[in-house]
Amino acid sequence: MQRYIQRNPVWSAVLALLLAVLLWLVLAPWSQGMEDVLGRKRVFLNAVFSGITLGALYFLVASGFTLIFGLMRNVNLAHGSLYLLGGYIGFEVSEATGSWLLAFPVVFVLIAVLGLLLQHQVFRRMEGQELRQTMVTIGLSVVLADVMLWIWGGQSYTIFLPDWLSGPMTLPIISGTGRGGEVVYLKFPMVRMAILFAAIVIGVAMWLVLNRTRLGMLIRAGVDDRDMLTATGIRIQYVFLAVFCFGAGMAGIAGIVGGSFQSLSPGEDTRFLLASLVVVIVGGMGSIPGAAIGALIIGLAEQIGLVYAPTYSVVFTFLIMAVVLAFRPQGLLGR
Amino acid sequence: MDGTNAMTSRLGAVSTGSALELRGVTKMFGALAAISDVTLTVRPGERRAVLGSNGAGKTTLFNCVTGDFLPTSGTIRLFGEDVTTFPAHERIRRGLRRTYQISLLFTGLSVADNVYLACRGVSRGRFSLLRPRRGDPLLTRSAELVEAVRLTAARDRLVSELSYGQQRQLEIALALAGAPRFILFDEPAAGLSPTERAELVAILTGLPSHIGFIIIEHDMDVALRVAESVTMMHNGRVFKEGTPAEIETDPEVQELYLGGGHG
Amino acid sequence: MADITKSRTDTPTLWVERVHPAVWALGLVMLFMPAFANGFWLFQVFGWTFILGMIALSLMFLAGYGGMVSLIQMTVAALGGYGVAILGPSGVAQISLGLPWWLYVPLAIAIAALFATLVGALAVRTEGIYTIMITLAMASAFFYFTRQNYGIFNGYSGFNLVVPPQLFGVDWRQPVPFYYLTLGCAALAYAAVVYVARSPFGLALQGTRDNPRRMAALGFNVTAHRIAAYTFAGAIAAVGGILLVWQNAQIAPGTAGLPAVFDILVIAVVGGLRRPSGAFVGAFIYVLLRTFSPDVLTAFGLSNERFKMLIGFGFLAMVVFSPDGVLGLWDRWRARAGRRDPLTGKERG
């Protein structure tokens, strides 16, 4: 962080200014004139918070994708299918047992095992042939999409939340003033705050594992220079397996999260594949902090765009990606 | 090659005291300086040898000059024109050429096609969608080049079928395409047999006198026979400059290089 | 691989003599197909094969000669189709401009080629595997955009009643005229790719695929060559897209949805990315599967919707067992057959 500020003082200043403006917009009560120009503050706040939670969900999906890519140079285009499959299985588990929480370990293990099989049975056989591996994942995504359509049909599913997560919670942020002049605080769905909290915890945990453990050290070394890692005689296959399992499992539990506060239906797999692609292109391939920043930017752009320019919200996402590609092809935090 | 002639006359307006001029060129890889503060001037038509042990920064120097990567600091002037930030192809179109230490050839193409591509690269019609007609001047020119590096017998063979020595000769043919004015030779003699070395020396000394070059060479015999002046590099810095005779007899150089196990 | 210098110095042969007799036979069969095939085969099977083949051919050009696996080709084709629907007449009168055909067809191709150029300009900034990701992301962005945008692309419903112009008093959507129209366009596109592959531009493109660094050191602007390849391929894809919208008489966001985008990759890979003819072989296999797999699946007691799975598994098998496609399989079979003694059937040493 400090090094970045030293190296890019101008960009750091611009970023800090943007952040300050955003914070001020969120925290300060809006005057009448501002509401005339920007609309109701409540609408804006809702868009921002929805954007942040959507970003949190994108981060859950994309972090596994970016790790797998960074380490194995394998663009897993079946990642969206793993997300959707995880969601469907989570739905079945929570329906059958009545326990929402139980769905998480079950789905994580099942999808991680699927990831293990893929890595061990398919990708390991074409090591170093990146293009071929990627094409295999395309074939898998086509097959998986059809299998899921076969089993769960075309209707959409929503996973029911436990009572303690449903309903709104009040945040200590002013959303406006009531008719009598009293201050009204922002109400926001409890589950979304929980997702944000979970994403932060998972993100920090991943960062700690990557930066503080031996496995993390191996993974980072592998992301930087795979040949070096192989040459040191470390059993890189085990590292690959661990990362692939973890990335797949993360996509699976992200499916439960997505299925709880949005819905599951055919087509969601490609939506989240696209989200993961854009997030890692913007954030930088193989970088966890990059995925977090990319996810936040894309989530915010999508939700704010949806509120203020519904037709063009996709264009915002696309424009952000194009601008990043044009000026920093390796992504914001990529190398 | 009328395009190149126009370029030559245009550049003639700029004062061209030197063919290549490096000022304080430094290239960092992370914290490691591959070359640091290299200042070097080569006159048009001059033949210069750059000597130094492995890791002295010779190939990095070439890569900076051709634009394979940009130097961290310093300026590079080619025939008086500041080309420091130019992409590689722009420098090539100004008459600079280079050969590679490890041959970078199009192994799936024939010898003649390789040379044809090289000729095409420095002339107009690079984007032409029309196949060349019989009697296309570029075809004639590439046939001459193939002849000049003594590969006529192998002109229709794929590069992957050539012997190592023939591939090295083809490297030189690619560097001679168009109207070269300055060439960088990166260890052209490496791995050649004594006969092939003699042939190489003949090719190099037979170059038209207006073409200057820098040659990186470990074989002192080859280097000192084709070069008029010598630059010694050590740890990324210019260490000594002089005539071949001066360098050969310099005690410091002998200590560092000739006694260093090379030969 | 191309060898433009060689054929020029050999003893001159007429170009007709250099074509394999089997190719002549195939050409004749294609030319007289309407004499023995019914309308369904002409319009649905062969027409569709030629159209998909052209779009896959544009991908083959980029991937095979340029080393860039672009997933944007179906999107470029769809933009060509949209161009015809928006600039020309369609059932959505409040958007379509109804320009004359000699204006809207070239315009549509030009717009699509321009779009391909822009995408290429962004995509070539990165290499290899990244190209797939970036072009895929842009392809999906286009899909979602057309679905949301009602002002230009008429959103979810798209355009209907988009038909070819009644040129020379012929209804070009009738099976026989449409067959010849698509055959002609496909043959032209094929010939163009084969010819350009051995032109200076094509040769240089193959050079940038094998050795970009050396190409720059020979004076070639590698980036510009790659972008130009996107333009060329984009124009071919656009023609395919226009024919596609004429065949279906309608276009909607789903035309360039991700399944369709992947289908083009499947076709090109199954056919084989090494040779232009692979695109059409792959397209023919795909169209046969799409057309007849429902019957086969029903016969096995499966729902006829499962053809996707069939195609997915077919693609997987191809990628795993024969990365150079059906034509690669054919080459290897020929090589093995060539080594066999024709009388005893044993392999020669």
# chains A, B, ... in the order shown; residues from 1 in each chain; ligands from 1
$ residues_around --residues "segment 87-102 of chain A" --least-positions-apart "3" --cutoff "10 Å" --atoms "only C-alpha atoms" --output "JSON, numbers by chain"
{"A": [81, 82, 83, 84, 105, 106, 107, 108, 110, 111, 148, 151, 152, 157, 158, 159, 160, 161, 162, 251, 252, 253, 254, 255, 256, 257, 258, 259, 260, 263, 264, 265]}
$ select_by_dssp --residues "segment 103-197 of chain B" --states "helix (DSSP H, G or I)" --output "number ranges by chain"
B: 111-121, 137-148, 152-154, 159-161, 164-176, 194-197
$ write_last_selection --atoms "C-alpha atoms" --output "CSV table (one decimal), in the first residue's frame"
chain,number,residue,atom,x,y,z
B,111,VAL,CA,14.4,-20.5,-46.6
B,112,ALA,CA,13.2,-18.4,-49.5
B,113,ASP,CA,10.0,-17.4,-47.7
B,114,ASN,CA,12.0,-16.4,-44.6
B,115,VAL,CA,14.1,-14.1,-46.6
B,116,TYR,CA,11.1,-12.9,-48.6
B,117,LEU,CA,9.4,-11.9,-45.3
B,118,ALA,CA,12.4,-10.0,-44.2
B,119,CYS,CA,12.5,-8.1,-47.5
B,120,ARG,CA,8.8,-7.4,-47.2
B,121,GLY,CA,9.2,-6.1,-43.7
B,137,PRO,CA,11.5,-7.2,-57.5
B,138,LEU,CA,11.3,-8.4,-53.9
B,139,LEU,CA,11.5,-12.1,-55.1
B,140,THR,CA,14.6,-11.2,-57.1
B,141,ARG,CA,16.1,-9.4,-54.2
B,142,SER,CA,15.5,-12.3,-51.8
B,143,ALA,CA,17.0,-14.8,-54.3
B,144,GLU,CA,20.1,-12.6,-54.3
B,145,LEU,CA,20.3,-12.6,-50.5
B,146,VAL,CA,19.9,-16.3,-50.4
B,147,GLU,CA,22.8,-16.5,-52.8
B,148,ALA,CA,24.9,-14.0,-50.8
B,152,THR,CA,20.9,-21.2,-52.8
B,153,ALA,CA,21.0,-25.0,-52.8
B,154,ALA,CA,18.7,-25.1,-49.8
B,159,VAL,CA,14.1,-24.1,-42.0
B,160,SER,CA,13.5,-26.9,-39.6
B,161,GLU,CA,15.4,-29.2,-42.0
B,164,TYR,CA,22.7,-25.5,-37.4
B,165,GLY,CA,25.3,-23.7,-39.5
B,166,GLN,CA,22.9,-23.1,-42.3
B,167,GLN,CA,20.4,-21.6,-39.8
B,168,ARG,CA,23.0,-19.2,-38.6
B,169,GLN,CA,23.7,-18.2,-42.2
B,170,LEU,CA,20.0,-17.6,-42.8
B,171,GLU,CA,20.0,-15.4,-39.6
B,172,ILE,CA,22.5,-13.2,-41.4
B,173,ALA,CA,20.5,-13.1,-44.6
B,174,LEU,CA,17.4,-11.8,-42.7
B,175,ALA,CA,19.6,-9.1,-41.2
B,176,LEU,CA,20.8,-8.0,-44.7
B,194,PRO,CA,36.1,-23.9,-38.1
B,195,THR,CA,35.1,-24.0,-41.8
B,196,GLU,CA,31.8,-22.3,-41.2
B,197,ARG,CA,33.6,-19.7,-39.1
$ interface_residues --of "chain B" --to "chain C" --cutoff "9 Å" --atoms "only C-alpha atoms" --output "MDAnalysis selection string"
chainID B and resid 66:68 87:93 96:100 104:110 112:113 116:123 125:135 139 155:156 174:175 177
$ write_last_selection --atoms "C-alpha atoms" --output "short mmCIF file (atom, residue, chain, number, x, y, z; two decimals), in the first residue's frame"
data_model
loop_
_atom_site.label_atom_id
_atom_site.label_comp_id
_atom_site.auth_asym_id
_atom_site.auth_seq_id
_atom_site.Cartn_x
_atom_site.Cartn_y
_atom_site.Cartn_z
CA THR B 66 16.52 -2.75 -31.13
CA GLY B 67 13.61 -1.80 -28.88
CA ASP B 68 12.75 -5.27 -27.61
CA PRO B 87 8.84 0.47 -31.13
CA ALA B 88 11.17 -2.13 -32.66
CA HIS B 89 9.66 -2.07 -36.15
CA GLU B 90 10.14 1.70 -36.45
CA ARG B 91 13.86 1.34 -35.71
CA ILE B 92 14.18 -1.50 -38.21
CA ARG B 93 12.58 0.68 -40.88
CA LEU B 96 18.84 -1.00 -38.07
CA ARG B 97 19.09 -4.81 -38.20
CA ARG B 98 20.00 -7.54 -35.78
CA THR B 99 20.64 -11.25 -35.57
CA TYR B 100 19.80 -13.38 -32.56
CA LEU B 104 14.72 -16.88 -34.19
CA LEU B 105 13.55 -18.12 -37.56
CA PHE B 106 10.23 -19.20 -39.02
CA THR B 107 10.83 -22.91 -38.88
CA GLY B 108 7.62 -23.81 -40.71
CA LEU B 109 8.57 -21.70 -43.73
CA SER B 110 11.10 -22.32 -46.47
CA ALA B 112 13.24 -18.36 -49.48
CA ASP B 113 10.02 -17.45 -47.65
CA TYR B 116 11.06 -12.86 -48.57
CA LEU B 117 9.35 -11.93 -45.28
CA ALA B 118 12.44 -10.03 -44.21
CA CYS B 119 12.51 -8.10 -47.49
CA ARG B 120 8.78 -7.41 -47.20
CA GLY B 121 9.16 -6.12 -43.66
CA VAL B 122 11.25 -3.16 -44.70
CA SER B 123 9.39 -2.27 -47.87
CA GLY B 125 3.01 -3.62 -49.13
CA ARG B 126 3.38 -5.35 -45.79
CA PHE B 127 -0.42 -5.54 -45.67
CA SER B 128 -0.84 -6.49 -49.31
CA LEU B 129 -3.59 -9.02 -49.85
CA LEU B 130 -2.26 -9.83 -53.31
CA ARG B 131 0.20 -12.62 -53.86
CA PRO B 132 3.46 -11.52 -55.49
CA ARG B 133 3.64 -11.86 -59.27
CA ARG B 134 6.46 -13.63 -61.00
CA GLY B 135 9.28 -11.15 -61.47
CA LEU B 139 11.48 -12.06 -55.09
CA ARG B 155 16.33 -22.28 -50.84
CA ASP B 156 13.15 -24.36 -50.98
CA LEU B 174 17.44 -11.84 -42.67
CA ALA B 175 19.57 -9.06 -41.20
CA ALA B 177 17.34 -7.64 -46.16
#
$ residues_around --residues "Thr131 of chain C" --least-positions-apart "3" --cutoff "10 Å" --atoms "only C-alpha atoms" --output "VMD selection string"
chain C and resid 67 to 72 120 122 to 128 134 to 137
$ atom_distance --atom1 "atom CA of Ala198 of chain B" --atom2 "atom CA of Glu217 of chain B"
14.2 Å
$ residues_around --residues "Thr26 of chain B" --least-positions-apart "3" --cutoff "6 Å" --atoms "only C-alpha atoms" --output "list in words"
Ile35, Ser36, Asp37, Pro71, Thr72 and Ser73 of chain B
$ write_last_selection --atoms "C-alpha atoms" --output "PDB file, in the first residue's frame"
ATOM      1  CA  ILE B  35      23.315  -2.579 -17.921  1.00  0.00           C
ATOM      2  CA  SER B  36      24.050   0.686 -16.178  1.00  0.00           C
ATOM      3  CA  ASP B  37      25.081   4.057 -17.558  1.00  0.00           C
ATOM      4  CA  PRO B  71      15.728   1.310 -21.274  1.00  0.00           C
ATOM      5  CA  THR B  72      14.989   2.447 -17.733  1.00  0.00           C
ATOM      6  CA  SER B  73      16.892   5.662 -18.385  1.00  0.00           C
TER       7      SER B  73
END
$ closest_residue --among "A:Val279, A:Met72, A:Leu131, A:Val307" --to "chain C" --atoms "only C-alpha atoms"
A:Leu131
$ interface_residues --of "chain C" --to "chain A" --cutoff "8 Å" --atoms "only C-alpha atoms" --output "ChimeraX atom specification"
/C:122,125-126,128-129,133-134,136-138,140-141,144-145,148-149,258-259,262,306,308-310,312-313,315-316,319-320,323
$ write_last_selection --atoms "C-alpha atoms" --output "PDB file, in the first residue's frame"
ATOM      1  CA  LEU C 122      -8.342  -4.250 -27.254  1.00  0.00           C
ATOM      2  CA  ARG C 125      -2.990  -5.926 -26.158  1.00  0.00           C
ATOM      3  CA  THR C 126      -2.856  -9.240 -24.335  1.00  0.00           C
ATOM      4  CA  GLY C 128      -2.849 -16.323 -25.731  1.00  0.00           C
ATOM      5  CA  ILE C 129      -5.305 -17.419 -23.136  1.00  0.00           C
ATOM      6  CA  MET C 133     -11.304 -14.285 -21.775  1.00  0.00           C
ATOM      7  CA  ILE C 134     -11.489 -10.791 -23.180  1.00  0.00           C
ATOM      8  CA  LEU C 136     -15.740 -13.835 -24.299  1.00  0.00           C
ATOM      9  CA  ALA C 137     -16.399 -10.989 -21.884  1.00  0.00           C
ATOM     10  CA  MET C 138     -17.097  -8.627 -24.755  1.00  0.00           C
ATOM     11  CA  SER C 140     -21.461 -11.505 -23.313  1.00  0.00           C
ATOM     12  CA  ALA C 141     -21.519  -7.737 -22.811  1.00  0.00           C
ATOM     13  CA  TYR C 144     -26.739  -8.309 -22.382  1.00  0.00           C
ATOM     14  CA  PHE C 145     -26.616  -4.923 -24.068  1.00  0.00           C
ATOM     15  CA  GLN C 148     -31.550  -4.305 -22.545  1.00  0.00           C
ATOM     16  CA  ASN C 149     -31.390  -1.760 -25.337  1.00  0.00           C
ATOM     17  CA  LEU C 258     -23.062 -17.549 -25.090  1.00  0.00           C
ATOM     18  CA  PRO C 259     -24.315 -20.951 -26.338  1.00  0.00           C
ATOM     19  CA  PHE C 262     -19.413 -21.475 -27.933  1.00  0.00           C
ATOM     20  CA  ARG C 306     -30.555 -33.409 -24.751  1.00  0.00           C
ATOM     21  CA  LYS C 308     -26.790 -29.987 -26.221  1.00  0.00           C
ATOM     22  CA  MET C 309     -25.284 -32.672 -24.055  1.00  0.00           C
ATOM     23  CA  LEU C 310     -24.542 -34.753 -27.109  1.00  0.00           C
ATOM     24  CA  GLY C 312     -20.922 -31.017 -25.532  1.00  0.00           C
ATOM     25  CA  PHE C 313     -19.695 -34.580 -25.147  1.00  0.00           C
ATOM     26  CA  PHE C 315     -16.689 -31.544 -28.398  1.00  0.00           C
ATOM     27  CA  LEU C 316     -15.079 -32.850 -25.208  1.00  0.00           C
ATOM     28  CA  VAL C 319     -10.616 -31.844 -27.633  1.00  0.00           C
ATOM     29  CA  VAL C 320      -9.356 -34.696 -25.492  1.00  0.00           C
ATOM     30  CA  PRO C 323      -7.071 -31.597 -30.737  1.00  0.00           C
TER      31      PRO C 323
END
$ residues_around --residues "segment 263-267 of chain C" --least-positions-apart "5" --cutoff "7 Å" --atoms "only C-alpha atoms" --output "PDB file with C-alpha atoms, in the first residue's frame"
ATOM      1  CA  ALA C  56     -16.300 -20.580 -38.074  1.00  0.00           C
ATOM      2  CA  MET C  74     -20.480 -14.904 -33.549  1.00  0.00           C
ATOM      3  CA  ALA C 279     -14.655 -24.907 -40.606  1.00  0.00           C
ATOM      4  CA  GLY C 282     -17.239 -28.931 -38.530  1.00  0.00           C
ATOM      5  CA  ALA C 283     -20.309 -26.940 -39.502  1.00  0.00           C
ATOM      6  CA  TYR C 286     -22.809 -29.732 -36.183  1.00  0.00           C
ATOM      7  CA  PHE C 315     -16.689 -31.544 -28.398  1.00  0.00           C
TER       8      PHE C 315
END
$ atom_distance --atom1 "atom CA of Gly176 of chain A" --atom2 "atom CA of Phe44 of chain A"
11.0 Å
$ select_by_dssp --residues "segment 67-279 of chain A" --states "strand (DSSP E or B)" --output "MDAnalysis selection string"
chainID A and resid 157 168:177 183:189 264
$ write_last_selection --atoms "N, CA and C atoms" --output "PDB file, in the first residue's frame"
ATOM      1  N   TYR A 157     -35.298 -20.915  -8.685  1.00  0.00           N
ATOM      2  CA  TYR A 157     -35.360 -21.347  -7.287  1.00  0.00           C
ATOM      3  C   TYR A 157     -34.790 -20.248  -6.405  1.00  0.00           C
ATOM      4  N   PRO A 168     -35.022  -6.758   7.765  1.00  0.00           N
ATOM      5  CA  PRO A 168     -34.047  -5.689   7.617  1.00  0.00           C
ATOM      6  C   PRO A 168     -33.295  -5.405   8.903  1.00  0.00           C
ATOM      7  N   MET A 169     -32.201  -4.758   8.798  1.00  0.00           N
ATOM      8  CA  MET A 169     -31.522  -4.221   9.967  1.00  0.00           C
ATOM      9  C   MET A 169     -31.288  -2.739   9.723  1.00  0.00           C
ATOM     10  N   THR A 170     -31.190  -1.986  10.823  1.00  0.00           N
ATOM     11  CA  THR A 170     -31.021  -0.546  10.691  1.00  0.00           C
ATOM     12  C   THR A 170     -29.549  -0.200  10.816  1.00  0.00           C
ATOM     13  N   LEU A 171     -29.065   0.552   9.836  1.00  0.00           N
ATOM     14  CA  LEU A 171     -27.667   0.945   9.869  1.00  0.00           C
ATOM     15  C   LEU A 171     -27.540   2.361  10.414  1.00  0.00           C
ATOM     16  N   PRO A 172     -26.455   2.646  11.055  1.00  0.00           N
ATOM     17  CA  PRO A 172     -26.286   3.999  11.610  1.00  0.00           C
ATOM     18  C   PRO A 172     -25.910   5.011  10.534  1.00  0.00           C
ATOM     19  N   ILE A 173     -26.666   4.977   9.442  1.00  0.00           N
ATOM     20  CA  ILE A 173     -26.373   5.911   8.348  1.00  0.00           C
ATOM     21  C   ILE A 173     -27.662   6.637   8.008  1.00  0.00           C
ATOM     22  N   ILE A 174     -27.583   7.958   7.932  1.00  0.00           N
ATOM     23  CA  ILE A 174     -28.793   8.751   7.694  1.00  0.00           C
ATOM     24  C   ILE A 174     -29.229   8.583   6.253  1.00  0.00           C
ATOM     25  N   SER A 175     -30.470   8.185   6.051  1.00  0.00           N
ATOM     26  CA  SER A 175     -30.932   8.056   4.675  1.00  0.00           C
ATOM     27  C   SER A 175     -31.758   9.271   4.295  1.00  0.00           C
ATOM     28  N   GLY A 176     -32.200  10.063   5.244  1.00  0.00           N
ATOM     29  CA  GLY A 176     -32.957  11.252   4.905  1.00  0.00           C
ATOM     30  C   GLY A 176     -33.623  11.784   6.150  1.00  0.00           C
ATOM     31  N   THR A 177     -34.462  12.774   5.972  1.00  0.00           N
ATOM     32  CA  THR A 177     -35.193  13.289   7.121  1.00  0.00           C
ATOM     33  C   THR A 177     -36.675  13.039   6.909  1.00  0.00           C
ATOM     34  N   VAL A 183     -34.583  12.437  12.056  1.00  0.00           N
ATOM     35  CA  VAL A 183     -33.610  11.758  11.197  1.00  0.00           C
ATOM     36  C   VAL A 183     -34.066  10.324  10.951  1.00  0.00           C
ATOM     37  N   VAL A 184     -34.024   9.901   9.674  1.00  0.00           N
ATOM     38  CA  VAL A 184     -34.396   8.519   9.341  1.00  0.00           C
ATOM     39  C   VAL A 184     -33.125   7.759   8.994  1.00  0.00           C
ATOM     40  N   TYR A 185     -32.968   6.589   9.605  1.00  0.00           N
ATOM     41  CA  TYR A 185     -31.772   5.799   9.335  1.00  0.00           C
ATOM     42  C   TYR A 185     -32.047   4.771   8.245  1.00  0.00           C
ATOM     43  N   LEU A 186     -30.959   4.364   7.588  1.00  0.00           N
ATOM     44  CA  LEU A 186     -31.078   3.438   6.458  1.00  0.00           C
ATOM     45  C   LEU A 186     -31.421   2.040   6.956  1.00  0.00           C
ATOM     46  N   LYS A 187     -32.428   1.437   6.317  1.00  0.00           N
ATOM     47  CA  LYS A 187     -32.764   0.040   6.606  1.00  0.00           C
ATOM     48  C   LYS A 187     -32.240  -0.807   5.458  1.00  0.00           C
ATOM     49  N   PHE A 188     -31.633  -1.937   5.799  1.00  0.00           N
ATOM     50  CA  PHE A 188     -31.001  -2.731   4.757  1.00  0.00           C
ATOM     51  C   PHE A 188     -31.176  -4.199   5.095  1.00  0.00           C
ATOM     52  N   PRO A 189     -31.441  -5.072   4.078  1.00  0.00           N
ATOM     53  CA  PRO A 189     -31.670  -6.481   4.405  1.00  0.00           C
ATOM     54  C   PRO A 189     -30.498  -7.070   5.189  1.00  0.00           C
ATOM     55  N   LEU A 264     -31.819 -18.807  -8.527  1.00  0.00           N
ATOM     56  CA  LEU A 264     -31.067 -19.742  -9.365  1.00  0.00           C
ATOM     57  C   LEU A 264     -31.925 -20.136 -10.552  1.00  0.00           C
TER      58      LEU A 264
END
$ residues_around --residues "Ala268 of chain C" --least-positions-apart "5" --cutoff "10 Å" --atoms "only C-alpha atoms" --output "MDAnalysis selection string"
chainID C and resid 52:53 55:60 63:64 262:263 273:283 324:325
$ residues_around --residues "segment 48-51 of chain B" --least-positions-apart "3" --cutoff "8 Å" --atoms "only C-alpha atoms" --output "list in words"
Val42, Lys58, Gly212, Phe213, Ile214, Ile215, Ile216, Glu217, His218, Ala223, Leu224, Ala227, Glu228, Ser229, Val230, Thr231, Met232 and Met233 of chain B
$ atom_distance --atom1 "atom CA of Val191 of chain A" --atom2 "atom CA of Phe244 of chain A"
28.2 Å
$ closest_residue --among "B:Gly178, B:Gly191, B:Gly206, B:Gly95" --to "Ala19 of chain B" --atoms "only C-alpha atoms"
B:Gly95
